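*Asks:* Here you go, my_file_20.cif (mmCIF, C-alpha atoms):
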data_query
#
loop_
_atom_site.label_atom_id
_atom_site.label_comp_id
_atom_site.auth_asym_id
_atom_site.auth_seq_id
_atom_site.Cartn_x
_atom_site.Cartn_y
_atom_site.Cartn_z
CA MET A 3 77.25 80.47 67.73
CA MET A 4 77.88 81.99 64.31
CA GLU A 5 74.34 83.40 64.17
CA GLU A 6 74.66 85.00 67.60
CA LEU A 7 78.05 86.48 66.75
CA ALA A 8 76.68 87.90 63.50
CA GLN A 9 73.83 89.55 65.39
CA ALA A 10 76.24 90.95 67.97
CA GLU A 11 78.50 92.31 65.24
CA ALA A 12 75.56 94.01 63.55
CA ALA A 13 74.44 95.56 66.84
CA VAL A 14 77.92 96.87 67.58
CA ALA A 15 78.24 98.23 64.05
CA ALA A 16 74.99 100.14 64.55
CA CYS A 17 76.39 101.69 67.73
CA GLY A 18 79.39 102.91 65.77
CA ASP A 19 77.20 105.44 63.97
CA ALA A 20 75.55 106.73 67.15
CA ALA A 21 75.85 110.43 67.95
CA THR A 22 77.69 110.19 71.26
CA TRP A 23 77.84 113.98 71.54
CA ALA A 24 74.05 114.05 72.00
CA LEU A 25 74.05 111.74 75.04
CA ARG A 26 73.44 113.17 78.48
CA GLU A 27 76.41 112.73 80.82
CA HIS A 28 74.70 109.98 82.85
CA ASP A 29 73.86 108.04 79.66
CA LEU A 30 77.34 108.62 78.26
CA VAL A 31 78.97 107.06 81.35
CA ALA A 32 76.45 104.18 81.37
CA ALA A 33 77.17 103.51 77.68
CA LEU A 34 80.91 103.43 78.38
CA ASP A 35 80.36 100.93 81.21
CA ALA A 36 78.20 98.76 78.95
CA ALA A 37 80.75 98.85 76.11
CA HIS A 38 83.55 97.87 78.51
CA ARG A 39 81.48 95.02 79.94
CA LEU A 40 80.64 93.80 76.43
CA GLU A 41 84.33 93.95 75.49
CA GLN A 42 85.21 91.61 78.38
CA ARG A 43 82.38 89.21 77.48
CA LEU A 44 83.64 89.08 73.89
CA ALA A 45 87.17 88.52 75.19
CA ALA A 46 85.94 85.45 77.08
CA VAL A 47 84.37 84.10 73.88
CA LYS A 48 87.54 84.85 71.91
CA LEU A 49 89.74 83.08 74.46
CA ALA A 50 87.48 80.03 74.42
CA LEU A 51 87.78 79.93 70.61
CA VAL A 52 91.56 80.32 70.80
CA ARG A 53 91.73 77.44 73.25
CA ALA A 54 89.61 75.26 70.95
CA VAL A 55 91.81 76.12 67.95
CA ASP A 56 94.92 75.27 69.97
CA SER A 57 93.51 72.02 71.36
CA ARG A 58 92.22 70.84 67.99
CA GLY A 59 95.57 71.35 66.27
CA THR A 60 94.16 73.74 63.67
CA ALA A 61 97.48 75.53 63.32
CA ALA A 62 99.38 72.35 62.43
CA ALA A 63 96.62 71.26 60.05
CA GLN A 64 97.04 74.55 58.17
CA SER A 65 100.84 74.16 58.04
CA ALA A 66 101.64 76.73 60.75
CA SER A 67 104.48 76.00 63.17
CA SER A 68 102.37 76.90 66.22
CA THR A 69 99.06 78.40 67.27
CA THR A 70 100.91 81.60 68.14
CA VAL A 71 102.28 81.95 64.61
CA TRP A 72 98.90 81.02 63.12
CA LEU A 73 97.15 83.70 65.19
CA ARG A 74 99.78 86.26 64.16
CA ASP A 75 99.02 85.67 60.50
CA ARG A 76 95.28 85.14 60.88
CA LEU A 77 94.51 88.09 63.15
CA ARG A 78 97.51 90.26 62.16
CA LEU A 79 98.86 90.38 65.70
CA THR A 80 102.39 90.71 67.00
CA VAL A 81 103.96 87.48 68.18
CA PRO A 82 103.97 88.59 71.89
CA ALA A 83 100.26 89.53 71.68
CA ALA A 84 99.39 86.20 70.06
CA ARG A 85 101.41 84.29 72.65
CA ARG A 86 99.62 86.10 75.49
CA LEU A 87 96.28 85.05 73.98
CA VAL A 88 97.32 81.40 73.78
CA ASP A 89 98.81 81.38 77.28
CA LEU A 90 95.81 83.10 78.88
CA ALA A 91 93.36 80.83 77.06
CA ALA A 92 95.23 77.77 78.38
CA ALA A 93 95.45 79.21 81.90
CA LEU A 94 91.71 79.96 82.05
CA ASP A 95 90.89 76.51 80.68
CA ALA A 96 93.07 74.77 83.25
CA GLY A 97 92.34 77.10 86.16
CA ALA A 98 89.40 77.70 88.43
CA PRO A 99 86.06 78.04 86.58
CA GLY A 100 85.21 81.10 88.69
CA VAL A 101 87.75 83.19 86.75
CA ARG A 102 86.26 82.21 83.38
CA ALA A 103 82.78 82.92 84.66
CA ALA A 104 83.76 86.35 86.00
CA LEU A 105 85.27 87.31 82.64
CA ALA A 106 82.29 85.96 80.72
CA ASN A 107 79.93 87.98 82.95
CA GLY A 108 81.94 91.15 82.34
CA ASP A 109 82.85 91.42 86.04
CA ILE A 110 86.61 91.50 85.39
CA SER A 111 88.86 92.62 82.53
CA VAL A 112 91.24 90.48 80.50
CA GLU A 113 94.25 91.93 82.33
CA GLN A 114 92.60 91.30 85.69
CA ALA A 115 91.87 87.73 84.59
CA ARG A 116 95.55 87.31 83.73
CA VAL A 117 96.59 88.58 87.16
CA ILE A 118 94.04 86.40 88.96
CA GLY A 119 95.10 83.34 86.98
CA ASP A 120 98.78 83.86 87.84
CA THR A 121 97.98 84.48 91.51
CA VAL A 122 95.66 81.49 91.82
CA ASN A 123 98.33 79.22 90.31
CA THR A 124 100.79 80.45 92.93
CA VAL A 125 98.27 79.84 95.71
CA HIS A 126 97.51 76.34 94.37
CA THR A 127 101.21 75.47 94.46
CA ALA A 128 101.70 76.85 97.97
CA ALA A 129 98.47 75.82 99.70
CA GLY A 130 96.44 73.43 97.52
CA ALA A 131 93.17 73.42 95.59
CA GLU A 132 90.85 74.51 98.42
CA ALA A 133 92.87 77.66 99.12
CA ALA A 134 93.04 78.37 95.37
CA ASP A 135 89.23 78.24 95.12
CA LYS A 136 88.96 80.69 98.04
CA ALA A 137 91.51 82.95 96.36
CA VAL A 138 89.38 83.18 93.21
CA GLY A 139 86.43 84.55 95.18
CA VAL A 140 88.56 87.09 97.05
CA LEU A 141 90.41 88.28 93.94
CA VAL A 142 87.26 88.61 91.82
CA GLU A 143 85.73 90.72 94.58
CA TRP A 144 88.86 92.90 94.74
CA ALA A 145 88.81 93.23 90.94
CA GLY A 146 85.64 95.29 91.31
CA GLN A 147 87.69 97.92 93.15
CA PHE A 148 91.27 97.73 91.91
CA ASP A 149 93.12 97.94 88.58
CA PRO A 150 95.36 95.05 87.42
CA THR A 151 98.56 96.62 88.80
CA LEU A 152 97.16 97.07 92.29
CA LEU A 153 95.38 93.72 92.10
CA ARG A 154 98.70 92.00 91.44
CA ARG A 155 100.26 93.90 94.33
CA LEU A 156 97.45 92.84 96.66
CA GLY A 157 97.71 89.30 95.35
CA THR A 158 101.18 88.96 96.84
CA ARG A 159 99.47 88.85 100.25
CA ILE A 160 96.46 86.72 99.27
CA LEU A 161 97.67 83.81 101.41
CA ASP A 162 97.06 85.95 104.49
CA HIS A 163 93.36 85.77 103.63
CA VAL A 164 92.90 82.23 102.30
CA ALA A 165 95.64 80.18 103.97
CA PRO A 166 97.14 82.06 106.90
CA GLU A 167 98.71 78.89 108.28
CA VAL A 168 101.19 78.79 105.37
CA ALA A 169 101.31 82.50 104.54
CA ASP A 170 104.30 83.41 106.69
CA ALA A 171 106.48 80.64 105.32
CA ALA A 172 105.46 81.29 101.71
CA ASN A 173 105.91 85.05 101.98
CA ARG A 174 109.28 84.57 103.65
CA ALA A 175 110.41 82.20 100.89
CA ALA A 176 109.22 84.61 98.17
CA LEU A 177 110.95 87.53 99.86
CA GLU A 178 114.20 85.61 100.20
CA THR A 179 114.02 84.50 96.56
CA GLU A 180 113.48 88.09 95.44
CA ALA A 181 116.35 89.27 97.65
CA ARG A 182 118.68 86.67 96.12
CA ARG A 183 117.63 87.65 92.59
CA SER A 184 118.08 91.34 93.41
CA ALA A 185 121.53 90.71 94.89
CA ARG A 186 122.54 88.62 91.90
CA ASP A 187 121.37 91.17 89.32
CA ARG A 188 122.64 94.32 91.04
CA HIS A 189 125.15 96.27 88.98
CA VAL A 190 126.15 99.73 87.79
CA THR A 191 127.98 100.15 84.49
CA LEU A 192 129.99 103.26 83.57
CA SER A 193 130.73 103.32 79.84
CA GLU A 194 133.17 106.05 78.82
CA LEU A 195 132.24 107.79 75.57
CA PRO A 196 134.88 109.15 73.16
CA ASP A 197 134.22 112.77 74.19
CA GLY A 198 134.78 112.10 77.90
CA ARG A 199 131.15 111.68 78.91
CA LEU A 200 129.87 108.60 80.75
CA ARG A 201 126.86 106.44 79.99
CA LEU A 202 125.41 105.28 83.32
CA THR A 203 123.30 102.11 83.37
CA GLY A 204 122.51 99.57 86.04
CA SER A 205 120.07 97.82 88.30
CA LEU A 206 119.87 98.71 92.01
CA ASP A 207 118.54 96.43 94.73
CA ALA A 208 115.71 97.68 96.96
CA GLU A 209 117.98 99.05 99.65
CA ALA A 210 120.26 100.93 97.25
CA ALA A 211 117.27 102.22 95.28
CA GLY A 212 115.75 103.63 98.45
CA LEU A 213 119.03 105.29 99.41
CA LEU A 214 119.43 106.86 95.97
CA ARG A 215 115.86 108.17 95.88
CA ALA A 216 116.14 109.65 99.36
CA ALA A 217 119.43 111.37 98.49
CA ILE A 218 118.60 112.63 95.00
CA GLU A 219 114.94 113.68 95.15
CA PRO A 220 115.45 116.81 97.32
CA LEU A 221 117.78 118.08 94.59
CA THR A 222 115.57 117.37 91.54
CA ALA A 223 112.88 120.02 92.03
CA PRO A 224 112.74 122.81 89.39
CA THR A 225 114.51 125.96 90.49
CA GLY A 226 111.45 128.01 89.49
CA PRO A 227 108.69 128.36 86.89
CA ASP A 228 111.27 129.35 84.25
CA ASP A 229 113.53 126.32 84.78
CA PRO A 230 114.00 124.98 81.20
CA ARG A 231 115.53 121.63 82.20
CA THR A 232 113.76 118.34 81.46
CA PRO A 233 113.18 115.89 84.35
CA GLY A 234 116.06 113.77 83.04
CA GLN A 235 118.37 116.78 82.99
CA ARG A 236 117.36 117.72 86.55
CA ARG A 237 118.16 114.19 87.73
CA HIS A 238 121.53 114.40 85.99
CA ASP A 239 122.33 117.72 87.67
CA ALA A 240 121.10 116.40 91.02
CA LEU A 241 123.46 113.43 90.79
CA ALA A 242 126.36 115.79 90.05
CA ASP A 243 125.36 118.02 92.97
CA LEU A 244 125.16 114.97 95.24
CA CYS A 245 128.69 113.97 94.31
CA ARG A 246 129.98 117.48 94.98
CA LEU A 247 128.20 117.67 98.33
CA THR A 248 129.44 114.25 99.35
CA LEU A 249 133.00 115.41 98.77
CA ARG A 250 132.37 118.36 101.08
CA THR A 251 131.34 116.70 104.31
CA GLY A 252 128.75 118.44 106.43
CA GLU A 253 127.01 120.15 103.51
CA LEU A 254 124.47 117.52 102.49
CA PRO A 255 120.77 118.54 102.60
CA GLU A 256 119.00 117.45 105.76
CA HIS A 257 117.26 114.45 104.19
CA GLY A 258 120.52 113.22 102.68
CA ALA A 259 122.70 113.85 105.76
CA GLU A 260 120.62 111.94 108.28
CA PRO A 261 121.33 108.23 108.71
CA ALA A 262 118.64 105.79 107.63
CA GLN A 263 115.48 105.82 109.71
CA ILE A 264 113.49 102.65 110.26
CA VAL A 265 109.88 102.97 111.36
CA VAL A 266 108.87 99.67 112.95
CA THR A 267 105.09 99.34 112.91
CA THR A 268 103.76 96.93 115.51
CA SER A 269 100.85 96.21 117.78
CA PHE A 270 101.25 97.00 121.48
CA ASP A 271 101.22 93.30 122.39
CA ALA A 272 104.00 92.55 119.90
CA LEU A 273 106.16 95.54 120.81
CA THR A 274 108.89 93.39 122.38
CA ARG A 275 109.21 90.88 119.52
CA GLN A 276 112.30 90.72 117.35
CA LEU A 277 112.48 92.89 114.21
CA ASP A 278 110.83 91.29 111.20
CA SER A 279 110.84 92.19 107.49
CA GLY A 280 110.72 95.91 106.72
CA THR A 281 109.19 98.14 104.07
CA LEU A 282 110.72 101.27 102.56
CA ASP A 283 108.43 104.26 102.07
CA THR A 284 108.54 103.49 98.33
CA GLY A 285 106.72 100.21 99.03
CA LEU A 286 109.71 97.90 98.41
CA ARG A 287 110.17 95.23 101.08
CA LEU A 288 113.43 94.25 102.76
CA THR A 289 114.48 90.95 104.29
CA PRO A 290 114.73 90.71 108.10
CA GLU A 291 118.50 90.40 107.74
CA THR A 292 118.68 93.72 105.84
CA VAL A 293 116.47 95.42 108.43
CA ARG A 294 118.66 94.22 111.27
CA ARG A 295 121.80 95.35 109.43
CA LEU A 296 120.36 98.81 108.79
CA ALA A 297 119.33 98.99 112.43
CA CYS A 298 123.00 99.04 113.42
CA ASP A 299 123.31 102.55 111.98
CA ALA A 300 119.76 103.86 112.05
CA ALA A 301 117.32 105.63 114.29
CA ILE A 302 114.61 103.18 115.36
CA LEU A 303 111.27 104.94 115.63
CA PRO A 304 108.64 102.71 117.26
CA ALA A 305 105.15 103.29 115.89
CA VAL A 306 102.61 101.59 118.15
CA LEU A 307 99.19 100.71 116.76
CA GLY A 308 96.04 99.94 118.74
CA SER A 309 93.72 96.99 118.10
CA THR A 310 91.82 98.85 115.33
CA GLY A 311 94.99 100.04 113.60
CA GLN A 312 94.89 103.65 114.79
CA LEU A 313 98.19 105.31 115.60
CA LEU A 314 98.87 105.51 119.34
CA ASP A 315 102.39 106.90 119.43
CA VAL A 316 105.32 107.74 117.16
CA GLY A 317 108.81 107.99 118.63
CA ARG A 318 110.52 111.38 118.35
CA GLN A 319 114.20 112.16 117.94
CA ARG A 320 113.96 115.95 118.28
CA ARG A 321 111.62 118.41 119.92
CA LEU A 322 110.21 119.58 116.59
CA ILE A 323 106.60 119.46 115.43
CA THR A 324 107.12 119.15 111.68
CA GLY A 325 109.46 116.16 111.63
CA PRO A 326 107.52 113.76 113.88
CA LEU A 327 104.14 114.95 112.55
CA ARG A 328 105.27 114.37 108.98
CA ARG A 329 106.51 110.90 109.89
CA ALA A 330 103.21 110.13 111.60
CA LEU A 331 101.26 111.29 108.54
CA VAL A 332 103.38 109.12 106.24
CA LEU A 333 102.93 106.14 108.52
CA ARG A 334 99.15 106.60 108.71
CA ASP A 335 98.32 107.58 105.11
CA ARG A 336 101.30 105.99 103.29
CA GLY A 337 100.82 108.34 100.35
CA CYS A 338 98.11 110.59 98.90
CA ALA A 339 94.94 109.65 100.79
CA PHE A 340 92.51 110.74 98.03
CA PRO A 341 90.56 107.72 96.70
CA GLY A 342 92.35 105.99 93.84
CA CYS A 343 95.57 108.05 93.97
CA ASP A 344 98.88 106.17 93.93
CA ARG A 345 101.27 109.07 94.66
CA PRO A 346 103.93 108.14 97.27
CA PRO A 347 104.61 110.22 100.42
CA ARG A 348 107.49 112.24 98.96
CA TRP A 349 105.11 113.69 96.35
CA CYS A 350 102.56 114.80 98.93
CA ASP A 351 101.72 117.92 100.93
CA ALA A 352 100.32 117.94 104.45
CA HIS A 353 96.81 119.43 104.21
CA HIS A 354 94.93 120.92 107.17
CA ILE A 355 91.47 119.32 107.27
CA GLN A 356 90.18 122.43 109.02
CA HIS A 357 92.13 125.17 107.33
CA TRP A 358 94.82 126.78 109.46
CA ALA A 359 93.54 130.25 108.49
CA ALA A 360 90.12 129.24 109.84
CA GLY A 361 91.52 128.26 113.22
CA GLY A 362 92.51 124.66 112.51
CA ASN A 363 95.41 123.38 114.59
CA THR A 364 98.54 121.61 113.37
CA SER A 365 98.07 118.07 114.61
CA LEU A 366 97.75 114.52 113.33
CA THR A 367 93.97 114.60 113.82
CA ASN A 368 93.69 117.68 111.61
CA ALA A 369 96.06 116.64 108.82
CA VAL A 370 96.01 114.43 105.74
CA LEU A 371 98.56 113.68 103.02
CA LEU A 372 97.54 114.86 99.54
CA CYS A 373 99.47 115.06 96.29
CA ALA A 374 99.66 118.47 94.64
CA HIS A 375 96.80 117.73 92.23
CA HIS A 376 94.40 116.50 94.91
CA HIS A 377 95.52 119.21 97.33
CA ARG A 378 94.36 121.80 94.80
CA HIS A 379 91.25 119.72 94.14
CA ILE A 380 90.27 119.68 97.82
CA HIS A 381 90.87 123.42 98.23
CA HIS A 382 88.90 124.39 95.13
CA GLY A 383 86.43 121.52 94.70
CA ASP A 384 83.30 120.23 96.42
CA TRP A 385 84.80 117.19 98.15
CA THR A 386 84.95 117.02 101.94
CA VAL A 387 87.69 115.24 103.88
CA ARG A 388 87.37 113.96 107.44
CA LEU A 389 88.79 111.27 109.71
CA GLY A 390 86.68 108.16 110.20
CA ASP A 391 85.99 106.44 113.49
CA ASP A 392 89.21 104.42 113.08
CA GLY A 393 91.32 107.56 112.63
CA HIS A 394 91.95 107.13 108.89
CA PRO A 395 90.96 109.71 106.24
CA GLU A 396 87.77 109.37 104.23
CA PHE A 397 86.41 111.62 101.51
CA VAL A 398 82.78 112.57 100.92
CA PRO A 399 82.01 113.24 97.24
CA PRO A 400 79.76 116.11 96.16
CA ALA A 401 76.06 115.40 95.67
CA TRP A 402 76.26 115.90 91.91
CA LEU A 403 78.76 113.02 91.68
CA ASP A 404 77.13 110.72 94.26
CA PRO A 405 73.61 111.63 95.44
CA ASP A 406 74.06 109.35 98.48
CA GLN A 407 77.41 110.99 99.30
CA LEU A 408 78.90 107.74 100.60
CA PRO A 409 82.39 108.25 102.08
CA ARG A 410 85.25 106.84 100.01
CA ARG A 411 88.76 105.75 100.98
CA ASN A 412 92.05 105.13 99.25
CA HIS A 413 92.86 101.40 99.35
CA TYR A 414 95.93 101.71 97.13
CA HIS A 415 98.37 102.16 99.98
CA ARG A 416 96.64 99.89 102.50
CA ARG A 417 95.34 96.34 102.02
CA PRO A 418 91.55 96.03 102.37
#
Now, as a test, write the supplied structure out as structure tokens.
*Replies:*
Amino acid sequence: MMEELAQAEAAVAACGDAATWALREHDLVAALDAAHRLEQRLAAVKLALVRAVDSRGTAAAQSASSTTVWLRDRLRLTVPAARRLVDLAAALDAGAPGVRAALANGDISVEQARVIGDTVNTVHTAAGAEAADKAVGVLVEWAGQFDPTLLRRLGTRILDHVAPEVADAANRAALETEARRSARDRHVTLSELPDGRLRLTGSLDAEAAGLLRAAIEPLTAPTGPDDPRTPGQRRHDALADLCRLTLRTGELPEHGAEPAQIVVTTSFDALTRQLDSGTLDTGLRLTPETVRRLACDAAILPAVLGSTGQLLDVGRQRRLITGPLRRALVLRDRGCAFPGCDRPPRWCDAHHIQHWAAGGNTSLTNAVLLCAHHHRHIHHGDWTVRLGDDGHPEFVPPAWLDPDQLPRRNHYHRRP
């Protein structure tokens, strides 16, 4: 192994002197992909060596108190970084071999391997070894499309794919555990400073966080291009405005004055079933008990989906086009629809697929949610947006980016 590592080190050192500025763009991107893949392969080798050092007791033999401390001194790492190496090396050694193989082949990154390892352990506990093996294959495939953050988010629903017979019970237990933890940890602390100011700190549960965001965000926008306030100062002023408006009943902005709205998404066949767990438009999930409690003082808007997931109908409270259409767009796109974008609905504009000035109508079939950046990008770039056969947006890249011009979709807001 030492000879191979020496050769690899020499080859990498030679690349360090390469004139990257002279590479054509295609070769530059290919070189970046190759360097990233090599980095993951080397990480797999490094983790295997760390595991061997830990198993052999090298740290104790050299008078170190632990492998973590030994790695800190040997590799000049921080203690948390060294501990993560030891923990991940142990997890990959004890876990499914498919994860180690995927990392060694450069198919996944170290952070993705960490996420997959954690998720597979959870699946093994909930559904056994066979389901855990299936989960490895699914998660490695997803890792080719999603970053570690989104992969972890998708992993919370992995049981739906590999062990649906236990998924409902496991998800319900996890949701209830999270709700109990959130309820236990909720607090707001007001610390009075000597000059009369207050220091505000705290932790809000999912329901309170959603209420605060919905109430404060309409008031946090800059007043104009010359607004000198920082985002933190705008949030401060918005909170003060909210308190003033609350004390003067009837003067809250429209989004703050309306009671909570619950959009219950269901299939036509399940339309008459009892309310289940809910999801705020920020992505945070609520327990069925919380949903039912909110329903006592909320407008229930039934959103009926067909067999392929397309939107059939959205309930309306008023005879307005903008309100129900906006709600339908949020329900369908769940955020910026441009591939890879994670912006939530409140940060998005409604874009006419066929421009209104060119005769396009204002309807759900001619609209898509886009964040400000991608809205400008679509108007001034070479991408084309359209609705697919299932009624969901897809984006066709320009030929210079993808000669085959294969349509792309955003999977961030919707599970694959």
*Asks:* The residues within 8 Å of (98.7, 116.6, 95.8), using all atoms listed in the file and the coordinates of the file, should be reported as a VMD selection string; which are they?
*Replies:* chain A and resid 338 349 to 351 371 to 378
*Asks:* Name the residues that the PyMOL selection byres ((chain A and resi 205) around 7) picks from the file above, as a list in words, using the file's chain letters and numbers.
*Replies:*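 That selection, the PyMOL selection byres ((chain A and resi 205) around 7), comes back as Asp187, Arg188, His189, Val190, Gly204, Leu206 and Asp207 of chain A.
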*Asks:* Can you tell me, as number ranges by chain, which residues sit within 12 Å of (101.0, 75.2, 65.8) in the file's frame, using only C-alpha atoms?
*Replies:* A: 52, 55-75, 84-85, 88
*Asks:* Using only C-alpha atoms, find the one residue out of A:Asn107, A:Gln114, A:Asn412, A:Thr248 that sits nearest to Trp144 of chain A.
*Replies:* A:Gln114
*Asks:* Taking only C-alpha atoms into account, which of A:Met4, A:Ala16, A:Val81, A:Leu152 comes nearest Cys343 of chain A?
*Replies:*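 Smallest distance to Cys343 of chain A is found for A:Leu152.
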*Asks:* Name the residues in contact with Arg336 of chain A at a cut-off of 8 Å, using all atoms listed in the file, excluding same-chain residues fewer than 6 positions from it; report them as a ChimeraX atom specification.
*Replies:* /A:283,346-347,415-416
*Asks:* Atom CA of Gly97 of chain A and atom CA of Asp149 of chain A are how many Å apart?
*Replies:*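 Here the two named atoms are 21.0 Å from each other.
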*Asks:* Pick the closest to Val138 of chain A from A:Ala169, A:Ala103, A:Val112, A:Val31: which is it, counting only C-alpha atoms?
*Replies:*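 Ranking A:Ala169, A:Ala103, A:Val112, A:Val31 by distance to Val138 of chain A, first place goes to A:Ala103.
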*Asks:* Which residue out of A:Gly130, A:Pro196, A:Pro99, A:Gly342 has the minimum interatomic distance to Leu161 of chain A when only C-alpha atoms are used?
*Replies:*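 So, comparing all the options, the nearest one is A:Gly130.
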*Asks:* Please, could N, CA, C and O atoms be added to segment 126-143 of chain A and the result written as a PDB file, keeping the file's coordinate frame?
*Replies:*
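Below you can see out-v2.pdb, which holds the result:
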ATOM      1  N   HIS A 126      97.712  77.789  94.506  1.00  0.00           N
ATOM      2  CA  HIS A 126      97.510  76.340  94.370  1.00  0.00           C
ATOM      3  C   HIS A 126      98.796  75.588  94.689  1.00  0.00           C
ATOM      4  O   HIS A 126      98.780  74.560  95.383  1.00  0.00           O
ATOM      5  N   THR A 127      99.921  76.113  94.200  1.00  0.00           N
ATOM      6  CA  THR A 127     101.210  75.470  94.460  1.00  0.00           C
ATOM      7  C   THR A 127     101.571  75.516  95.939  1.00  0.00           C
ATOM      8  O   THR A 127     102.089  74.543  96.497  1.00  0.00           O
ATOM      9  N   ALA A 128     101.276  76.658  96.575  1.00  0.00           N
ATOM     10  CA  ALA A 128     101.700  76.850  97.970  1.00  0.00           C
ATOM     11  C   ALA A 128     100.751  76.212  98.969  1.00  0.00           C
ATOM     12  O   ALA A 128     101.181  75.743 100.028  1.00  0.00           O
ATOM     13  N   ALA A 129      99.434  76.208  98.663  1.00  0.00           N
ATOM     14  CA  ALA A 129      98.470  75.820  99.700  1.00  0.00           C
ATOM     15  C   ALA A 129      97.404  74.840  99.242  1.00  0.00           C
ATOM     16  O   ALA A 129      96.544  74.470 100.040  1.00  0.00           O
ATOM     17  N   GLY A 130      97.379  74.442  97.965  1.00  0.00           N
ATOM     18  CA  GLY A 130      96.440  73.430  97.520  1.00  0.00           C
ATOM     19  C   GLY A 130      95.183  73.994  96.864  1.00  0.00           C
ATOM     20  O   GLY A 130      94.959  75.201  96.786  1.00  0.00           O
ATOM     21  N   ALA A 131      94.333  73.056  96.396  1.00  0.00           N
ATOM     22  CA  ALA A 131      93.170  73.420  95.590  1.00  0.00           C
ATOM     23  C   ALA A 131      92.118  74.192  96.379  1.00  0.00           C
ATOM     24  O   ALA A 131      91.496  75.123  95.861  1.00  0.00           O
ATOM     25  N   GLU A 132      91.890  73.832  97.627  1.00  0.00           N
ATOM     26  CA  GLU A 132      90.850  74.510  98.420  1.00  0.00           C
ATOM     27  C   GLU A 132      91.195  75.978  98.622  1.00  0.00           C
ATOM     28  O   GLU A 132      90.339  76.863  98.467  1.00  0.00           O
ATOM     29  N   ALA A 133      92.454  76.272  98.948  1.00  0.00           N
ATOM     30  CA  ALA A 133      92.870  77.660  99.120  1.00  0.00           C
ATOM     31  C   ALA A 133      92.800  78.414  97.791  1.00  0.00           C
ATOM     32  O   ALA A 133      92.448  79.599  97.756  1.00  0.00           O
ATOM     33  N   ALA A 134      93.113  77.719  96.685  1.00  0.00           N
ATOM     34  CA  ALA A 134      93.040  78.370  95.370  1.00  0.00           C
ATOM     35  C   ALA A 134      91.608  78.764  95.034  1.00  0.00           C
ATOM     36  O   ALA A 134      91.363  79.845  94.486  1.00  0.00           O
ATOM     37  N   ASP A 135      90.636  77.910  95.364  1.00  0.00           N
ATOM     38  CA  ASP A 135      89.230  78.240  95.120  1.00  0.00           C
ATOM     39  C   ASP A 135      88.809  79.464  95.949  1.00  0.00           C
ATOM     40  O   ASP A 135      88.082  80.339  95.465  1.00  0.00           O
ATOM     41  N   LYS A 136      89.264  79.528  97.203  1.00  0.00           N
ATOM     42  CA  LYS A 136      88.960  80.690  98.040  1.00  0.00           C
ATOM     43  C   LYS A 136      89.593  81.957  97.438  1.00  0.00           C
ATOM     44  O   LYS A 136      88.984  83.026  97.451  1.00  0.00           O
ATOM     45  N   ALA A 137      90.802  81.799  96.923  1.00  0.00           N
ATOM     46  CA  ALA A 137      91.510  82.950  96.360  1.00  0.00           C
ATOM     47  C   ALA A 137      90.764  83.536  95.178  1.00  0.00           C
ATOM     48  O   ALA A 137      90.731  84.754  94.988  1.00  0.00           O
ATOM     49  N   VAL A 138      90.143  82.688  94.361  1.00  0.00           N
ATOM     50  CA  VAL A 138      89.380  83.180  93.210  1.00  0.00           C
ATOM     51  C   VAL A 138      88.283  84.129  93.670  1.00  0.00           C
ATOM     52  O   VAL A 138      88.118  85.235  93.136  1.00  0.00           O
ATOM     53  N   GLY A 139      87.514  83.713  94.685  1.00  0.00           N
ATOM     54  CA  GLY A 139      86.430  84.550  95.180  1.00  0.00           C
ATOM     55  C   GLY A 139      86.920  85.886  95.710  1.00  0.00           C
ATOM     56  O   GLY A 139      86.333  86.940  95.413  1.00  0.00           O
ATOM     57  N   VAL A 140      88.013  85.854  96.476  1.00  0.00           N
ATOM     58  CA  VAL A 140      88.560  87.090  97.050  1.00  0.00           C
ATOM     59  C   VAL A 140      89.063  88.013  95.955  1.00  0.00           C
ATOM     60  O   VAL A 140      88.780  89.223  95.940  1.00  0.00           O
ATOM     61  N   LEU A 141      89.802  87.456  94.993  1.00  0.00           N
ATOM     62  CA  LEU A 141      90.410  88.280  93.940  1.00  0.00           C
ATOM     63  C   LEU A 141      89.364  88.853  92.997  1.00  0.00           C
ATOM     64  O   LEU A 141      89.495  89.993  92.545  1.00  0.00           O
ATOM     65  N   VAL A 142      88.330  88.088  92.682  1.00  0.00           N
ATOM     66  CA  VAL A 142      87.260  88.610  91.820  1.00  0.00           C
ATOM     67  C   VAL A 142      86.545  89.760  92.523  1.00  0.00           C
ATOM     68  O   VAL A 142      86.194  90.771  91.900  1.00  0.00           O
ATOM     69  N   GLU A 143      86.348  89.630  93.824  1.00  0.00           N
ATOM     70  CA  GLU A 143      85.730  90.720  94.580  1.00  0.00           C
ATOM     71  C   GLU A 143      86.622  91.957  94.568  1.00  0.00           C
ATOM     72  O   GLU A 143      86.157  93.086  94.354  1.00  0.00           O
TER      73      GLU A 143
END
